[in-house]
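Have a look at data.txt; it's compact mmCIF, C-alpha atoms:
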```txt
# COMPACT_ATOMS: atom_id res chain seq x y z
CA MET K 1344 24.37 164.51 53.85
CA THR K 1345 27.77 166.05 54.31
CA GLY K 1346 30.43 167.31 52.00
CA ASN K 1347 29.17 170.49 50.27
CA PRO K 1348 30.64 173.31 52.40
CA LYS K 1349 28.00 175.74 51.10
CA THR K 1350 25.14 173.63 52.40
CA ARG K 1351 23.76 175.07 55.61
CA ILE K 1352 22.92 172.07 57.80
CA GLY K 1353 20.72 172.31 60.87
CA LEU K 1354 20.13 169.52 63.40
CA TYR K 1355 16.70 169.14 64.97
CA ALA K 1356 16.92 166.51 67.71
CA GLY K 1357 14.14 165.05 69.83
CA SER K 1358 12.20 161.91 70.59
CA PHE K 1359 9.40 162.72 68.12
CA ASP K 1360 7.22 160.20 69.96
CA PRO K 1361 4.99 161.07 68.23
CA LEU K 1362 5.68 163.79 65.66
CA THR K 1363 3.33 166.71 66.43
CA ASN K 1364 2.17 169.83 64.65
CA GLY K 1365 4.49 171.69 67.01
CA HIS K 1366 7.44 169.79 65.53
CA MET K 1367 6.12 170.55 62.05
CA ASP K 1368 5.95 174.25 62.96
CA MET K 1369 9.64 174.19 63.96
CA LEU K 1370 10.59 172.36 60.76
CA ARG K 1371 8.80 174.92 58.58
CA ALA K 1372 10.87 177.62 60.28
CA ALA K 1373 14.07 175.58 59.96
CA PHE K 1374 13.56 174.99 56.23
CA ARG K 1375 13.47 178.77 55.74
CA VAL K 1376 16.96 179.05 57.25
CA PHE K 1377 18.76 175.79 56.42
CA ASP K 1378 19.37 174.05 53.11
CA HIS K 1379 19.39 170.65 54.78
CA VAL K 1380 17.91 169.57 58.11
CA VAL K 1381 18.89 166.41 59.92
CA ILE K 1382 15.96 165.27 62.03
CA ALA K 1383 17.62 163.25 64.76
CA ILE K 1384 15.61 160.74 66.77
CA GLY K 1385 17.23 160.39 70.18
CA MET K 1386 17.52 156.84 71.43
CA HIS K 1387 17.59 156.72 75.22
CA PRO K 1388 18.06 153.33 76.92
CA THR K 1389 16.05 154.40 79.99
CA LYS K 1390 12.96 155.41 77.99
CA THR K 1391 10.38 153.14 76.43
CA PRO K 1392 8.88 154.93 73.44
CA LEU K 1393 5.32 154.47 72.22
CA PHE K 1394 6.50 154.01 68.61
CA SER K 1395 9.62 152.23 67.39
CA ALA K 1396 12.39 154.35 65.90
CA ASP K 1397 11.58 152.92 62.46
CA ASP K 1398 7.89 153.85 62.84
CA ARG K 1399 8.79 157.37 63.96
CA SER K 1400 11.21 157.72 61.05
CA ALA K 1401 8.55 156.63 58.55
CA MET K 1402 5.96 159.02 60.00
CA ILE K 1403 8.45 161.90 59.93
CA THR K 1404 9.51 161.16 56.37
CA ALA K 1405 5.91 161.04 55.14
CA ALA K 1406 4.85 164.24 56.91
CA VAL K 1407 7.96 166.33 56.35
CA GLY K 1408 8.67 165.53 52.69
CA PRO K 1409 6.07 167.91 51.22
CA ILE K 1410 7.07 170.89 53.38
CA ALA K 1411 10.77 170.39 52.68
CA ARG K 1412 10.13 170.20 48.94
CA SER K 1413 7.96 173.32 48.97
CA ALA K 1414 10.73 175.18 50.81
CA GLY K 1415 13.39 173.96 48.38
CA ALA K 1416 15.24 172.20 51.20
CA THR K 1417 16.28 168.64 51.88
CA PHE K 1418 16.20 166.55 55.02
CA GLU K 1419 17.10 163.18 56.40
CA VAL K 1420 15.99 161.27 59.46
CA ARG K 1421 18.69 159.65 61.57
CA MET K 1422 18.86 157.95 64.96
CA PHE K 1423 21.48 158.85 67.55
CA SER K 1424 22.34 157.76 71.08
CA ASN K 1425 25.38 159.90 71.87
CA LEU K 1426 25.63 163.54 72.90
CA VAL K 1427 23.76 165.83 70.52
CA THR K 1428 26.91 167.93 70.16
CA ALA K 1429 28.91 164.89 69.00
CA PHE K 1430 26.14 163.91 66.60
CA ALA K 1431 25.98 167.47 65.24
CA LYS K 1432 29.70 167.31 64.47
CA GLU K 1433 29.24 163.88 62.85
CA VAL K 1434 26.60 165.20 60.42
CA GLY K 1435 28.32 168.55 59.81
CA ALA K 1436 25.59 170.67 61.41
CA ALA K 1437 26.30 174.35 61.94
CA ALA K 1438 23.44 174.76 64.41
CA LEU K 1439 21.02 173.01 66.70
CA ILE K 1440 17.36 173.84 66.09
CA ARG K 1441 15.23 174.31 69.19
CA GLY K 1442 11.66 175.44 69.68
CA LEU K 1443 10.35 177.71 72.41
CA ARG K 1444 6.76 177.56 73.59
CA ASP K 1445 7.01 179.63 76.77
CA GLY K 1446 9.30 180.99 79.46
CA THR K 1447 9.81 177.55 81.00
CA ASP K 1448 11.17 176.29 77.67
CA LEU K 1449 13.40 179.36 77.42
CA ASP K 1450 14.96 178.75 80.85
CA TYR K 1451 15.65 175.07 80.10
CA GLU K 1452 16.85 175.66 76.54
CA MET K 1453 19.20 178.46 77.61
CA GLN K 1454 20.80 176.09 80.13
CA MET K 1455 21.19 173.43 77.44
CA SER K 1456 22.56 175.97 74.98
CA GLY K 1457 25.13 177.07 77.55
CA MET K 1458 26.25 173.50 78.23
CA ASN K 1459 26.38 172.68 74.53
CA GLY K 1460 28.35 175.86 73.87
CA VAL K 1461 31.03 174.78 76.32
CA ILE K 1462 31.14 171.22 74.95
CA ALA K 1463 31.13 172.34 71.29
CA PRO K 1464 32.12 176.03 71.07
CA GLY K 1465 31.56 176.28 67.30
CA LEU K 1466 28.03 174.89 67.42
CA GLN K 1467 25.28 177.51 67.49
CA THR K 1468 21.80 176.98 68.93
CA ILE K 1469 18.98 178.69 67.04
CA PHE K 1470 15.66 179.18 68.78
CA PHE K 1471 12.39 179.43 66.91
CA PRO K 1472 9.27 180.63 68.72
CA ALA K 1473 6.27 178.35 68.45
CA SER K 1474 3.28 179.68 66.56
CA PRO K 1475 0.44 180.69 68.88
CA GLU K 1476 -1.78 177.88 67.54
CA ASP K 1477 0.88 175.26 68.36
CA ARG K 1478 2.29 176.51 71.69
CA HIS K 1479 0.22 174.17 73.82
CA ILE K 1480 1.16 170.98 71.95
CA THR K 1481 3.55 168.49 73.52
CA ALA K 1482 4.16 164.89 72.51
CA THR K 1483 3.54 163.86 76.12
CA LEU K 1484 0.07 165.45 76.19
CA VAL K 1485 -0.74 164.00 72.76
CA ARG K 1486 0.16 160.49 73.98
CA GLN K 1487 -1.90 160.94 77.15
CA VAL K 1488 -5.00 162.22 75.36
CA ALA K 1489 -4.76 159.58 72.63
CA SER K 1490 -4.26 156.78 75.17
CA MET K 1491 -7.55 157.74 76.82
CA GLY K 1492 -9.44 157.74 73.52
CA GLY K 1493 -9.36 161.50 72.97
CA ASP K 1494 -9.26 163.15 69.57
CA VAL K 1495 -5.74 164.44 68.82
CA SER K 1496 -6.29 165.03 65.10
CA SER K 1497 -5.76 168.78 65.43
CA PHE K 1498 -2.38 168.27 67.14
CA VAL K 1499 -0.63 165.82 64.79
CA PRO K 1500 -0.23 165.14 61.05
CA LYS K 1501 -2.90 162.83 59.56
CA ALA K 1502 -0.63 159.77 59.29
CA VAL K 1503 0.43 160.17 62.91
CA ASN K 1504 -3.19 160.45 64.02
CA ALA K 1505 -4.02 157.21 62.18
CA ALA K 1506 -1.04 155.47 63.81
CA LEU K 1507 -2.11 156.67 67.27
CA ILE K 1508 -5.66 155.45 66.74
CA ALA K 1509 -4.40 152.06 65.58
CA LYS K 1510 -1.90 151.80 68.46
CA PHE K 1511 -4.44 152.56 71.17
CA GLU K 1512 -7.35 150.63 69.65
CA THR K 1513 -5.13 147.55 69.76
CA SER K 1514 -4.12 148.19 73.37
CA ARG K 1515 -7.76 148.66 74.43
CA GLN K 1516 -8.85 145.30 73.02
CA PRO K 1517 -9.94 142.93 75.77
CA LYS K 1518 -7.42 140.22 76.58
CA LEU K 1519 -8.82 136.72 76.26
```
Would you kindly transcribe this structure into structure tokens?
Amino acid sequence: MTGNPKTRIGLYAGSFDPLTNGHMDMLRAAFRVFDHVVIAIGMHPTKTPLFSADDRSAMITAAVGPIARSAGATFEVRMFSNLVTAFAKEVGAAALIRGLRDGTDLDYEMQMSGMNGVIAPGLQTIFFPASPEDRHITATLVRQVASMGGDVSSFVPKAVNAALIAKFETSRQPKL
């Protein structure tokens, strides 16, 4: 969605493999600031995701729709494989949305913000602190716990939990 110069567009980029409650926390914050949020699924040729880009897009759309509507904001899910700064320009984003869980995130995100600021001087990075109840959640830990049969229902939206259960039940079936 581009065109309306009064629309404040934010870009929230990540792998979202899978979408977690931590991501949802950041999106709630973003919808309070931006009129439109582009949720950008990064496609990296060296990484093999657990879920396809289409599956991740569908899960994001289902989970995010209600919170965007309640905030009076809009969103779209897009895939990208170029630099996030180039993609931000392509979609007309004024800012990159980033979440901070702890000091380690801050150090890394400040480095990225500095690099992005040199590459795209007009592009702002906005940091949102994670809520205390979501600070410990990472997609990597969710995948690890789910792959070992653990309950991740308190870390992900319901549809994502169901998809994780289905994905790992299938992979645990004995091969004949």
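Neighbours of range 1408-1417 of chain K closer than or equal to 8 Å, with only C-alpha atoms counted and sequence neighbours fewer than 5 positions away skipped, come out as K:Arg1371, K:Phe1374, K:Arg1375, K:Phe1377, K:Asp1378, K:His1379, K:Val1380.
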Shortest interatomic distance to Met1402 in chain K - which of K:Val1376, K:Val1499, K:Ala1436, K:Leu1354, counting all atoms listed in the file: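 For Met1402 in chain K, the nearest of the given residues is K:Val1499.
Shortest separation to Ser1424 in chain K among K:Ala1438, K:Ile1403, K:Ala1356, K:Val1381 occurs at residue K:Ala1356, atoms counted being all atoms listed in the file.
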If I take CA of Met1369 in chain K and CA of Gly1442 in chain K, how far is one from the other in Å, to one decimal?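 Distance between the two atoms: 6.2 Å.
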Find the residues near Glu1476 in chain K: any atom within 12 Å, counting only C-alpha atoms, skip ones fewer than 5 places away on the same chain, and give them as JSON, numbers by chain. {"K": [1364, 1365, 1368, 1444, 1497, 1498]}
